[in-house]
Amino acid sequence: MKKIILLVLITIALVGCNQKVNALTIEEAQEIALKEVAGKVLKAKEDKEDGVSYYDFTIITDTEKYEVEIDANSGKVLKMEKDDDYIKINSNPVEPANTNTLITIEQAQQIALERVGEGYLTKSELDYDDGIKKYEIEIKNGNKEYEIEINADTGEIIKYEEDNDLRD
């Protein structure tokens, strides 16, 4: 009976020792990712695929967006991928719109970004719907997605929706 109890305890101890702890913290991995892409981290998370632990970062610069994956044990860059759909944000202040002309798409983007606070543009387009010319702007910030419609003649926000993206 003592042998069985001893065997069970040894098995439990060995199973507990097999749990691997990552050699890098998420902060250390983030430093490595930022050396690859100098920018701002929008998202950082730990993930595991095929038994390999890694950290996944979404990093934006003034003109580009990247996904960078860092091996949680070795610090090796597993993936560095540029998002070709990223839309550059124009950070120039918005000039008041002339009431006789349409506001520009850059002005509409700036209005939307000022309403949201921060994030990156995923869609910007001019549309004509229900007799109104409007810009349809979509912005993503972390797990939040924003859909904003802006009157193209006045610059007024006519629709604002905020959703949590639970896929991440």
# chains A, B, ... in the order shown; residues from 1 in each chain; ligands from 1
$ select_by_dssp --residues "stretch 15-87 of chain A" --states "strand (DSSP E or B)" --output "JSON, numbers by chain"
{"A": [40, 41, 42, 43, 44, 45, 46, 47, 48, 49, 52, 53, 54, 55, 56, 57, 58, 59, 60, 65, 66, 67, 68, 69, 70, 71, 77, 78, 79, 80, 81, 82, 87]}
$ residues_around --residues "A:Val116" --least-positions-apart "6" --cutoff "9 Å" --atoms "only C-alpha atoms" --output "list in words"
Ile139, Asn141 and Tyr146 of chain A
$ residues_around --residues "A:Asp71" --least-positions-apart "6" --cutoff "10 Å" --atoms "only C-alpha atoms" --output "PyMOL selection string"
chain A and resi 22-24+29+46-48+52-56+77-79
$ residues_around --residues "A:Glu125" --least-positions-apart "2" --cutoff "8 Å" --atoms "only C-alpha atoms" --output "ChimeraX atom specification"
/A:105,123,127,135-137
$ residues_around --residues "A:Asp129" --least-positions-apart "3" --cutoff "12 Å" --atoms "only C-alpha atoms" --output "CSV table (one decimal) with C-alpha atoms, in the first residue's frame"
chain,number,residue,atom,x,y,z
A,126,LEU,CA,-17.5,57.9,-49.8
A,132,ILE,CA,-27.0,62.0,-48.3
A,133,LYS,CA,-23.3,62.0,-49.3
A,134,LYS,CA,-21.4,60.4,-46.4
A,135,TYR,CA,-18.1,58.9,-45.5
A,136,GLU,CA,-18.2,55.4,-44.0
A,149,GLU,CA,-20.7,57.8,-40.8
A,150,ILE,CA,-19.9,61.4,-41.4
A,151,ASN,CA,-22.0,63.8,-43.5
A,152,ALA,CA,-19.7,64.7,-46.5
$ atom_distance --atom1 "atom CA of A:Glu81" --atom2 "atom CA of A:Val37"
10.4 Å
$ closest_residue --among "A:Asp163, A:Glu49, A:Gly75, A:Leu42" --to "A:Thr61" --atoms "only C-alpha atoms"
A:Leu42
$ atom_distance --atom1 "atom CA of A:Val41" --atom2 "atom CA of A:Ile59"
4.4 Å
$ closest_residue --among "A:Glu27, A:Lys65, A:Glu138, A:Lys45" --to "A:Gln110" --atoms "only C-alpha atoms"
A:Glu138
$ residues_around --residues "A:Lys40" --least-positions-apart "4" --cutoff "12 Å" --atoms "only C-alpha atoms" --output "list in words"
Gln30, Glu31, Ala33, Leu34, Lys35, Glu36, Ala44, Phe57, Thr58, Ile59, Ile60, Thr61, Asp62, Thr63, Glu64, Lys65, Tyr66, Glu67, Glu118, Gly119, Tyr120, Asn141 and Gly142 of chain A
$ write_last_selection --atoms "C-alpha atoms" --output "CSV table (one decimal), in the first residue's frame"
chain,number,residue,atom,x,y,z
A,30,GLN,CA,7.6,43.2,-26.6
A,31,GLU,CA,11.0,44.8,-26.5
A,33,ALA,CA,9.2,43.1,-31.3
A,34,LEU,CA,9.7,46.8,-31.0
A,35,LYS,CA,13.3,46.4,-32.2
A,36,GLU,CA,11.9,44.8,-35.3
A,44,ALA,CA,-0.2,42.0,-27.1
A,57,PHE,CA,1.9,41.7,-31.1
A,58,THR,CA,0.0,44.2,-33.3
A,59,ILE,CA,2.2,47.2,-33.9
A,60,ILE,CA,1.5,50.4,-35.9
A,61,THR,CA,3.7,53.1,-37.1
A,62,ASP,CA,2.6,56.4,-38.7
A,63,THR,CA,2.2,54.6,-42.1
A,64,GLU,CA,2.1,50.9,-41.5
A,65,LYS,CA,0.7,48.1,-39.4
A,66,TYR,CA,2.5,44.8,-38.5
A,67,GLU,CA,1.8,41.5,-36.8
A,118,GLU,CA,-7.1,56.3,-31.0
A,119,GLY,CA,-6.9,53.3,-33.2
A,120,TYR,CA,-6.2,52.5,-36.9
A,141,ASN,CA,-8.5,49.8,-31.4
A,142,GLY,CA,-7.6,46.6,-29.6
$ closest_residue --among "A:Glu162, A:Leu102, A:Asn73, A:Val68" --to "A:Gly51" --atoms "only C-alpha atoms"
A:Asn73
$ atom_distance --atom1 "atom CA of A:Lys144" --atom2 "atom CA of A:Asp130"
27.8 Å
